[in-house]
Amino acid sequence: MRNIYFLVFACLTINTIHAQDWKWQNPLPQGNELTSVSFPDATTGYAVGVMGTIIKTTDGGTTWALLNSGTLKGLNSVYFPEVNLGYAVGTDGIILKTINGGTNWTTQNSDVTDYLMSVYFTDSNTGIAVGYYGKVLKTTDGGTSWAQQNSGTTEALSSVYFSDTNIGYAVGMYGTIIKTTNGGTTWTTQNSGSVQDLTSVYFIGTDTGYIVGHHEYFKAIDSESTPADTTVILKTTNGGGTWTVLVSEPTLYYLLALCFTDVNTGIIVGKGGTIRKTTNGGTTWTNTNTGSSDLLCIRFTDLVTGYTIGTSGTILKTTDMGGNWTDQVLGVEHQLSSVYFINENTGFAAGYRNTILKTTNGGTSWVSQDSGFYNFSSIYFTDANTGFAVGDSGRILKTFNGGTNWNLQNSGTIGWLKSVYFTGPNTGYAVGSSGIILKTANGGTNWISQNSGTDNDLNGVYFTDDTRGYAVGDSGKILKTTNGGTNWTIQVSGTDFNLKAVYLTNDTVGYAVGQTGMILKTINGGSTWTVQHSGSANNLNALCFPALTSGYIVGDNGEILKTTNGGNIWSHLVSSTENQLMSVYFSDVNTGYAVGDGGTILKTTNGGTGFSEISGNYNQVVVYPNPANEMVTIDLLKISHLQKTHISIYDIKGKLILQKPVMQQKTELSIAGLAKGVYVVKIKLLIPFGQVIF
């Protein structure tokens with residue numbers, strides 16, 4: 001019999017938005033994924049994205065300002081029928097409206113909880129929004145009320161476009177195309193001739209239109225199953241009466257969005273920064289790869305000027321119809337793995353693609369240092385001038401002049417080094433893959449391999465003094481030395497989860513963090529470790545304690561946790577990003593920095609104290625049977641307010657397997673398709689501020 005085990009975390013989300021306590025420092029204006037862009041005129045544009053992100057430009061994209069959307073829900077589409085009048089739609093059926101150019105946004109009642117993926121207005125009052133399960137909503141009063149229309153499909157709809165006030169099209173999963181000729185009141189199904197998931201539709205006039213889509217499948221290459229995708233481009237010249245397949249081909253970079261400036265000239269963008277252009281109505285296409293992140297939307301303001309946006313906050317602009325693209329985002333946009341501050345103003349961040357950044361003004365600006373072509377995992381400074389960075393292929397770099405120049409040291413290994421720590425100006429340690437532990441006693445001139453006693457990857461190292469240190473790694477490994485690394489002994493961690501980082505607040509009290517919200521604490525110098533309740537299902541990657549009992553942890557999906565009582569309670573902070581956070585450092589009890597994917601650098605000056613969630617074990621959730629085989633029941637017991645409750649199931653690596661809203665206290669789920677193993681159930685409740693639910 002298959003045994004499937006469940007771990008349960010319940011968290012309470014307060015439905016109120018606090019001031020942003022973690023502010024973007026890199027990239028600028030921000031680094032969240034952008035999903036949609038709208039330009040009501042040549043210079044004024046808006047883009048929306050995950051975590052309620054809305055940005056605005058009034059100078060044709062030269063500069064962008066962050067707007068306060070009033071929500072942390074993901075926004076999937078934005079449309080401005082006028083310069084100051086606009087709408088955005090997204091997660092859980094959210095619809096936002098502004099009448100003053102984005103200064104203020106009000107939530108409109110959609111009466112649906114399904115994701116809304118696209119919105120289009122034919123005038124200031126009449127609009128259509130489409131989304132999951134074939135949802136089509138229409139308003140004729142500027143969003144005061146939205147009425148569900150019969151779309152004739154239950155497939156998810158991803159894009160909607162109107163060629164005039166009456167004629168419109170929506171496309172979606174499994175080749176779905178629906179058309180309306182009366183402004184969205186009724187819809188008829190069209191034959192696409194495709195089984196691909198259609199992602200974007202665009203029309204030039206009432207007759208000529210284009211659609212792009214893709215479909216994932218597995219293609220055998222050298223007797224191995226290798227994932228690939230089929231891209232499709234469709235065209236009609238008779239208002240959707242028939243659709244012709246222009247392109248249908250396997251590709252690693254499938255296409256996601258398109259825009260045409262006339263019946264012959266158009267550009268399609270997609271995964272991996274790919275851009276395709278046609279000047280002959282799709283007969284032939286030229287390919288360009290910008291080398292940027294995935295591109296998710298494209299819009300043109302005239303025949304030559306266009307914008308495309310995407311993951312990691314990417315914004316590109318062309319003024320020659322796609323011949324050249326300029327990056328409108330300031331700063332690096334690839335992963336940062338480590339951050340370290342020497343004092344309140346001077347700090348460093350290191351990451352992939354030879355990235356070492358330095359700030360001398362508390363993060364207001366960051367300057368790239370000349371470091372060579374390496375990927376860095378960890379950075380550490382022993383004084384204002386002397387620092388070390390470690391990374392792939394056993395590389396250790398040292399600077400003598402505050403990061404201006406970096407010199408390669410001889411590590412004696414080719415393994416990946418994950419973490420570096422110095423106990424003084426001369427003595428330091430680096431740990432890495434396959435149990436690597438290196439020690440230097442002469443400031444990095446020579447590094448000597450130490451016997452760790454394990455082949456597991458070691459991901460973090462920390463010393464409390466010259467002789468006492470700890471290293472943590474995969475499969476729950478915790479190692480301890482009391483003689484400066486001459487000998488390392490394996491401690492009993494009580495977990496098989498991979499541990500990513502370790503931090504000691506004194507000789508006896510310490511913490512280790514890792515996979516699936518794992519937090520361990522010791523109060524006896526590592527002899528024993530106990531599990532703390534994090535309330536998180538995310539992988540936790542790094543931690544920092546600026547005070548004895550006050551600490552911070554960062555992790556996947558923008559997770560930031562804080563404790564003020566030595567880990568008895570961990571609260572979730574509003575990071576305003578879903579980017580993976582890899583490192584955290586506090587230069588004092590209130591001033592801290594977190595870095596991660598997409599070049600993310602966040603800063604707080606108030607201890608990050610805007611709470612979005614209050615976590616804890618409320619004993620209000622039961623999962624049974626546990627272990628289970630075919631079916632599992634999730635009972636929310638005394639929880640009475642279920643309007644905004646969501647159940648999420650993650651695998652042991654933190655990958656989201658299933659997520660669904662629930663409207664009843666008992667929910668039965670089929671788990672017949674899940675492999676044997678351990679899964680995490682996370683219950684999130686969103687309630688009005690001040691309302692008691694228990």
# chains A, B, ... in the order shown; residues from 1 in each chain; ligands from 1
$ residues_around --residues "range 99-103 of chain A" --least-positions-apart "2" --cutoff "12 Å" --atoms "only C-alpha atoms" --output "ChimeraX atom specification"
/A:39-40,44-48,53-58,65-70,78-88,96-97,105-106,124-125,142-143
$ select_by_dssp --residues "range 142-336 of chain A" --states "strand (DSSP E)" --output "number ranges by chain"
A: 147-148, 157-162, 168-172, 177-180, 188-190, 197-204, 208-221, 224-236, 244-251, 255-260, 266-270, 274-278, 286-289, 295-300, 306-310, 315-318, 326-327, 336
$ closest_residue --among "A:Thr667, A:Thr577, A:Thr522, A:Asn446" --to "Gly52 in chain A" --atoms "only C-alpha atoms"
A:Thr577
$ select_by_dssp --residues "range 24-151 of chain A" --states "helix (DSSP H, G or I)" --output "count of residues only"
9
$ atom_distance --atom1 "CA of Asn451 in chain A" --atom2 "CA of Thr486 in chain A"
7.9 Å
$ residues_around --residues "Thr318 in chain A" --least-positions-apart "6" --cutoff "10 Å" --atoms "only C-alpha atoms" --output "NGL selection string"
:A and (300 or 304-308 or 324-327)
$ write_last_selection --atoms "C-alpha atoms" --output "mmCIF file, in the first residue's frame"
data_model
loop_
_atom_site.group_PDB
_atom_site.id
_atom_site.type_symbol
_atom_site.label_atom_id
_atom_site.label_comp_id
_atom_site.auth_asym_id
_atom_site.auth_seq_id
_atom_site.Cartn_x
_atom_site.Cartn_y
_atom_site.Cartn_z
ATOM 1 C CA PHE A 300 3.022 49.257 -29.155
ATOM 2 C CA VAL A 304 7.728 51.767 -34.202
ATOM 3 C CA THR A 305 7.598 52.266 -30.420
ATOM 4 C CA GLY A 306 6.812 49.287 -28.222
ATOM 5 C CA TYR A 307 7.319 47.800 -24.775
ATOM 6 C CA THR A 308 7.609 44.247 -23.505
ATOM 7 C CA ASN A 324 16.794 47.015 -31.101
ATOM 8 C CA TRP A 325 15.636 46.794 -27.494
ATOM 9 C CA THR A 326 16.855 48.853 -24.537
ATOM 10 C CA ASP A 327 16.542 47.801 -20.922
#
$ closest_residue --among "A:Ile94, A:Val472, A:Val632, A:Ile298" --to "Leu72 in chain A" --atoms "only C-alpha atoms"
A:Ile94
$ residues_around --residues "Thr505 in chain A" --least-positions-apart "6" --cutoff "8 Å" --atoms "only C-alpha atoms" --output "PDB file with C-alpha atoms, in the first residue's frame"
ATOM      1  CA  PHE A 545      19.959  37.414  14.591  1.00  0.00           C
ATOM      2  CA  ALA A 547      19.893  40.600  18.895  1.00  0.00           C
ATOM      3  CA  LEU A 548      19.902  37.648  21.287  1.00  0.00           C
TER       4      LEU A 548
END
$ residues_around --residues "Gly391 in chain A" --least-positions-apart "6" --cutoff "10 Å" --atoms "only C-alpha atoms" --output "PyMOL selection string"
chain A and resi 337+350-352+354+374-379+397+414-420+430+432
$ closest_residue --among "A:Thr481, A:Thr413, A:Thr633, A:Thr91" --to "Lys666 in chain A" --atoms "only C-alpha atoms"
A:Thr633
$ residues_around --residues "Phe463 in chain A" --least-positions-apart "5" --cutoff "8 Å" --atoms "only C-alpha atoms" --output "PDB file with N, CA and C atoms, in the first residue's frame"
ATOM      1  N   TYR A 421      33.189  31.680   6.252  1.00  0.00           N
ATOM      2  CA  TYR A 421      33.100  32.384   7.543  1.00  0.00           C
ATOM      3  C   TYR A 421      34.509  32.534   8.110  1.00  0.00           C
ATOM      4  N   PHE A 422      34.796  33.728   8.650  1.00  0.00           N
ATOM      5  CA  PHE A 422      36.091  33.997   9.269  1.00  0.00           C
ATOM      6  C   PHE A 422      35.905  34.317  10.746  1.00  0.00           C
ATOM      7  N   THR A 423      36.786  33.744  11.567  1.00  0.00           N
ATOM      8  CA  THR A 423      36.764  34.037  13.005  1.00  0.00           C
ATOM      9  C   THR A 423      37.708  35.184  13.360  1.00  0.00           C
ATOM     10  N   ARG A 468      35.145  26.920  18.330  1.00  0.00           N
ATOM     11  CA  ARG A 468      33.845  26.261  18.298  1.00  0.00           C
ATOM     12  C   ARG A 468      33.060  26.677  17.059  1.00  0.00           C
ATOM     13  N   GLY A 469      32.703  25.683  16.235  1.00  0.00           N
ATOM     14  CA  GLY A 469      31.988  25.995  15.009  1.00  0.00           C
ATOM     15  C   GLY A 469      31.016  24.913  14.604  1.00  0.00           C
ATOM     16  N   TYR A 470      30.139  25.276  13.667  1.00  0.00           N
ATOM     17  CA  TYR A 470      29.084  24.381  13.207  1.00  0.00           C
ATOM     18  C   TYR A 470      28.982  24.462  11.683  1.00  0.00           C
ATOM     19  N   LEU A 504      24.470  30.975  15.372  1.00  0.00           N
ATOM     20  CA  LEU A 504      24.529  30.886  16.833  1.00  0.00           C
ATOM     21  C   LEU A 504      24.475  32.288  17.434  1.00  0.00           C
TER      22      LEU A 504
END
